[in-house]
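Trainee: Structure below; questions to follow.
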Amino acid sequence: GAWQYVARLNPIATEPVAVATKARVAPAASPKAPVEVAVAIPGVPADAGGDTSANTPPPPALAQLLNTPEVPTSTEAAFVALFGQWRKDYRLLSGRTGCARAASAGMQCMFVTGTWNNLRQLNRPAMIELIDADGAKHHVLVSGLDDDQVALEIGGKVYEYPLAEVDRFWFGKMLLLWTPLPTGEQKLVRGMHGPGVAWVRQALARYYGEPVTVSADDDVFDEVVEDQVREFQRRHQIEDDGIIGRNTLIQLAAYDTSAAPPLLSKLPPAVETP
């Protein structure tokens, strides 16, 4: 369905509902701190108080968590969490759909059907769709990803699960947010000039560990820039055509120090200029 574009506009709690568990839980990113409400999950012991860090129980099985009625896994709840990663309060933005609200905040939705490798490459928090054994659909936030574990934000808490456990419910649907160039270009190619090209040159300079300078030539997309773009694309497993489209812009945005996007994993050190 059109879950990736339309948030179900049902009333939601003023703050995300938190789940009572201690299993490798990190605070969820949100414009406001969530109000913690104890939710009883069958088979998961309640916090007995005191320092239990040395005897932390494992997280509840994902199937068990998804089927706990008190745990919100609606599209709207997932959008709230996703916008929180970008330091935006979803509930204060205008628009009838999640993507309309993204547009009002200068962002765009990107719907992808792919794999964990695709998400690693994009390196952005994403809403994913999970389908349980009864065919019910759940939408949760991926807020972290490594080689064999994924961090899911559900109900205002973050749980880490093996990829294999999530794979039982995930069939590749995901939605991300990204920020297009403020100057409006959808594509940049050799021969163009302007503020968008200047932004690209500055991002490339940071990636290659070069000084970020401002000169009369900074807004020109010349042969040197094209060569740097091709090398950047190869190192990010993007088709090395030298054309700066959406996927290349998403990767370059990680090097915009004025408006750094949220990332699933840390950026590698600067590389040597080709």
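FYI, nothing fancy with the structure tokens labels: chains A, B, ... in order, residues from 1 per chain, ligands from 1 as they appear.
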So which residues touch Ser104 of chain A within 12 Å, counting only C-alpha atoms, skipping near sequence neighbours fewer than 6 positions away, as a PyMOL selection string?
Mentor: chain A and resi 88-90+92-98+179
Trainee: Give the strand (DSSP E or B) residues of segment 48-243 of chain A, as DSSP finds them on the backbone, and put them as a ChimeraX atom specification.
Mentor: /A:108-113,126-131,137-145,149-154,157-162,170-178,188,193,220
Trainee: Take the residues from that selection and put them in a file with C-alpha atoms, as a PDB file, in the first residue's frame.
Mentor:
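So the final result, stored in selection09.pdb, reads:
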ATOM      1  CA  GLN A 108      11.898  14.786   0.850  1.00  0.00           C
ATOM      2  CA  CYS A 109      10.820  11.178   1.299  1.00  0.00           C
ATOM      3  CA  MET A 110      12.739   8.401  -0.426  1.00  0.00           C
ATOM      4  CA  PHE A 111      11.026   5.028  -0.716  1.00  0.00           C
ATOM      5  CA  VAL A 112      13.305   2.045  -1.333  1.00  0.00           C
ATOM      6  CA  THR A 113      12.792  -1.688  -1.595  1.00  0.00           C
ATOM      7  CA  ALA A 126      14.807   4.590   8.039  1.00  0.00           C
ATOM      8  CA  MET A 127      11.236   3.548   8.705  1.00  0.00           C
ATOM      9  CA  ILE A 128      10.815  -0.107   7.771  1.00  0.00           C
ATOM     10  CA  GLU A 129       7.689  -2.199   7.359  1.00  0.00           C
ATOM     11  CA  LEU A 130       7.485  -5.490   9.260  1.00  0.00           C
ATOM     12  CA  ILE A 131       4.781  -8.094   8.601  1.00  0.00           C
ATOM     13  CA  LYS A 137       1.865  -4.602   9.226  1.00  0.00           C
ATOM     14  CA  HIS A 138       4.075  -2.736  11.693  1.00  0.00           C
ATOM     15  CA  HIS A 139       6.257   0.305  11.067  1.00  0.00           C
ATOM     16  CA  VAL A 140       9.353   0.870  13.175  1.00  0.00           C
ATOM     17  CA  LEU A 141      12.505   2.970  12.981  1.00  0.00           C
ATOM     18  CA  VAL A 142      15.988   1.658  12.220  1.00  0.00           C
ATOM     19  CA  SER A 143      18.285   3.957  14.197  1.00  0.00           C
ATOM     20  CA  GLY A 144      21.515   1.935  14.045  1.00  0.00           C
ATOM     21  CA  LEU A 145      23.028  -0.799  11.902  1.00  0.00           C
ATOM     22  CA  GLN A 149      22.853  -6.275  14.538  1.00  0.00           C
ATOM     23  CA  VAL A 150      20.169  -3.656  13.972  1.00  0.00           C
ATOM     24  CA  ALA A 151      18.823  -1.098  16.449  1.00  0.00           C
ATOM     25  CA  LEU A 152      15.055  -0.664  16.239  1.00  0.00           C
ATOM     26  CA  GLU A 153      13.239   2.198  17.923  1.00  0.00           C
ATOM     27  CA  ILE A 154       9.838   0.961  19.034  1.00  0.00           C
ATOM     28  CA  LYS A 157      12.908   2.767  23.266  1.00  0.00           C
ATOM     29  CA  VAL A 158      15.730   1.256  21.228  1.00  0.00           C
ATOM     30  CA  TYR A 159      16.196  -2.519  21.051  1.00  0.00           C
ATOM     31  CA  GLU A 160      19.051  -4.365  19.371  1.00  0.00           C
ATOM     32  CA  TYR A 161      18.232  -7.507  17.418  1.00  0.00           C
ATOM     33  CA  PRO A 162      20.213  -9.862  15.181  1.00  0.00           C
ATOM     34  CA  TRP A 170      11.080  -7.538   6.865  1.00  0.00           C
ATOM     35  CA  PHE A 171      10.651  -7.831   3.101  1.00  0.00           C
ATOM     36  CA  GLY A 172      12.760  -4.855   2.118  1.00  0.00           C
ATOM     37  CA  LYS A 173      10.368  -1.886   2.303  1.00  0.00           C
ATOM     38  CA  MET A 174      11.917   1.227   3.811  1.00  0.00           C
ATOM     39  CA  LEU A 175      11.410   4.973   3.805  1.00  0.00           C
ATOM     40  CA  LEU A 176      14.106   7.574   4.442  1.00  0.00           C
ATOM     41  CA  LEU A 177      14.265  11.350   4.585  1.00  0.00           C
ATOM     42  CA  TRP A 178      16.877  13.407   2.757  1.00  0.00           C
ATOM     43  CA  LEU A 188      24.426  18.583 -11.410  1.00  0.00           C
ATOM     44  CA  HIS A 193      27.898  26.590 -12.156  1.00  0.00           C
ATOM     45  CA  VAL A 220      32.192  25.845 -11.489  1.00  0.00           C
TER      46      VAL A 220
END
Trainee: Check the smallest atom-to-atom distance from each of A:Arg101, A:Arg87, A:His236, A:Arg201 to Ile250 of chain A using only C-alpha atoms, then report the winner.
Mentor: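 The closest residue to Ile250 of chain A is A:His236.
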Trainee: Which residue, A:Arg235, A:Arg190, A:Lys266, A:Arg168, has the smallest gap to Ala63 of chain A when you use only C-alpha atoms?
Mentor: A:Arg168
Trainee: If you run DSSP on the backbone, which residues of segment 15-261 of chain A are alpha helix (DSSP H), as JSON, numbers by chain?
Mentor: {"A": [62, 63, 64, 65, 66, 75, 76, 77, 78, 79, 80, 81, 82, 83, 84, 85, 98, 99, 100, 101, 102, 103, 104, 116, 117, 118, 119, 120, 121, 122, 163, 164, 165, 166, 167, 195, 196, 197, 198, 199, 200, 201, 202, 203, 204, 205, 206, 207, 223, 224, 225, 226, 227, 228, 229, 230, 231, 232, 233, 234, 235, 246, 247, 248, 249, 250, 251, 252, 253]}
Trainee: Residues as selected, C-alpha atoms, written as an mmCIF file, in the first residue's frame, can you do that?
Mentor:
data_model
loop_
_atom_site.group_PDB
_atom_site.id
_atom_site.type_symbol
_atom_site.label_atom_id
_atom_site.label_comp_id
_atom_site.auth_asym_id
_atom_site.auth_seq_id
_atom_site.Cartn_x
_atom_site.Cartn_y
_atom_site.Cartn_z
ATOM 1 C CA LEU A 62 10.612 -9.301 18.201
ATOM 2 C CA ALA A 63 7.421 -11.235 17.411
ATOM 3 C CA GLN A 64 6.375 -10.857 21.037
ATOM 4 C CA LEU A 65 7.081 -7.137 21.046
ATOM 5 C CA LEU A 66 5.191 -6.500 17.807
ATOM 6 C CA THR A 75 2.969 4.517 10.538
ATOM 7 C CA GLU A 76 2.349 7.717 12.462
ATOM 8 C CA ALA A 77 4.403 6.591 15.474
ATOM 9 C CA ALA A 78 7.269 5.613 13.174
ATOM 10 C CA PHE A 79 7.132 8.995 11.429
ATOM 11 C CA VAL A 80 7.345 10.729 14.822
ATOM 12 C CA ALA A 81 10.504 8.728 15.600
ATOM 13 C CA LEU A 82 12.016 9.297 12.141
ATOM 14 C CA PHE A 83 11.490 13.062 12.261
ATOM 15 C CA GLY A 84 12.938 13.058 15.774
ATOM 16 C CA GLN A 85 16.203 11.731 14.337
ATOM 17 C CA GLY A 98 4.212 12.310 6.441
ATOM 18 C CA CYS A 99 5.918 13.256 3.189
ATOM 19 C CA ALA A 100 3.964 16.512 2.977
ATOM 20 C CA ARG A 101 5.227 17.350 6.452
ATOM 21 C CA ALA A 102 8.755 16.473 5.328
ATOM 22 C CA ALA A 103 8.410 18.893 2.418
ATOM 23 C CA SER A 104 7.267 21.637 4.785
ATOM 24 C CA TRP A 116 20.485 -4.182 4.632
ATOM 25 C CA ASN A 117 23.403 -3.425 2.298
ATOM 26 C CA ASN A 118 21.316 -0.776 0.527
ATOM 27 C CA LEU A 119 20.501 0.787 3.890
ATOM 28 C CA ARG A 120 24.165 0.681 4.967
ATOM 29 C CA GLN A 121 25.099 2.481 1.778
ATOM 30 C CA LEU A 122 22.489 5.204 2.314
ATOM 31 C CA LEU A 163 19.558 -9.142 11.526
ATOM 32 C CA ALA A 164 18.354 -12.720 11.090
ATOM 33 C CA GLU A 165 15.540 -12.169 13.592
ATOM 34 C CA VAL A 166 14.305 -9.025 11.853
ATOM 35 C CA ASP A 167 14.606 -10.705 8.446
ATOM 36 C CA PRO A 195 25.683 27.879 -5.452
ATOM 37 C CA GLY A 196 24.773 24.191 -5.763
ATOM 38 C CA VAL A 197 28.135 23.430 -7.362
ATOM 39 C CA ALA A 198 29.909 25.455 -4.666
ATOM 40 C CA TRP A 199 28.178 23.316 -2.024
ATOM 41 C CA VAL A 200 29.352 20.139 -3.799
ATOM 42 C CA ARG A 201 32.940 21.375 -4.005
ATOM 43 C CA GLN A 202 32.999 22.181 -0.301
ATOM 44 C CA ALA A 203 31.558 18.755 0.602
ATOM 45 C CA LEU A 204 34.153 17.037 -1.605
ATOM 46 C CA ALA A 205 36.936 19.079 0.018
ATOM 47 C CA ARG A 206 35.845 17.851 3.460
ATOM 48 C CA TYR A 207 35.634 14.260 2.210
ATOM 49 C CA GLU A 223 36.928 18.400 -15.094
ATOM 50 C CA VAL A 224 38.711 18.271 -11.731
ATOM 51 C CA VAL A 225 35.387 18.214 -9.877
ATOM 52 C CA GLU A 226 34.047 15.535 -12.225
ATOM 53 C CA ASP A 227 37.067 13.311 -11.528
ATOM 54 C CA GLN A 228 36.592 13.783 -7.776
ATOM 55 C CA VAL A 229 32.885 12.976 -8.093
ATOM 56 C CA ARG A 230 33.637 9.762 -10.025
ATOM 57 C CA GLU A 231 36.096 8.617 -7.362
ATOM 58 C CA PHE A 232 33.651 9.538 -4.599
ATOM 59 C CA GLN A 233 30.942 7.509 -6.340
ATOM 60 C CA ARG A 234 33.187 4.462 -6.701
ATOM 61 C CA ARG A 235 34.099 4.548 -3.033
ATOM 62 C CA ARG A 246 19.938 11.967 -5.639
ATOM 63 C CA ASN A 247 22.091 9.088 -4.358
ATOM 64 C CA THR A 248 25.317 11.071 -4.716
ATOM 65 C CA LEU A 249 23.741 14.117 -3.063
ATOM 66 C CA ILE A 250 22.636 11.952 -0.120
ATOM 67 C CA GLN A 251 26.198 10.727 0.370
ATOM 68 C CA LEU A 252 27.721 14.193 -0.021
ATOM 69 C CA ALA A 253 25.283 15.637 2.527
#
Trainee: What's the separation between atom CA of Met192 of chain A and atom CA of Phe221 of chain A, in Å to one decimal place?
Mentor: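 Interatomic distance here is 5.4 Å.
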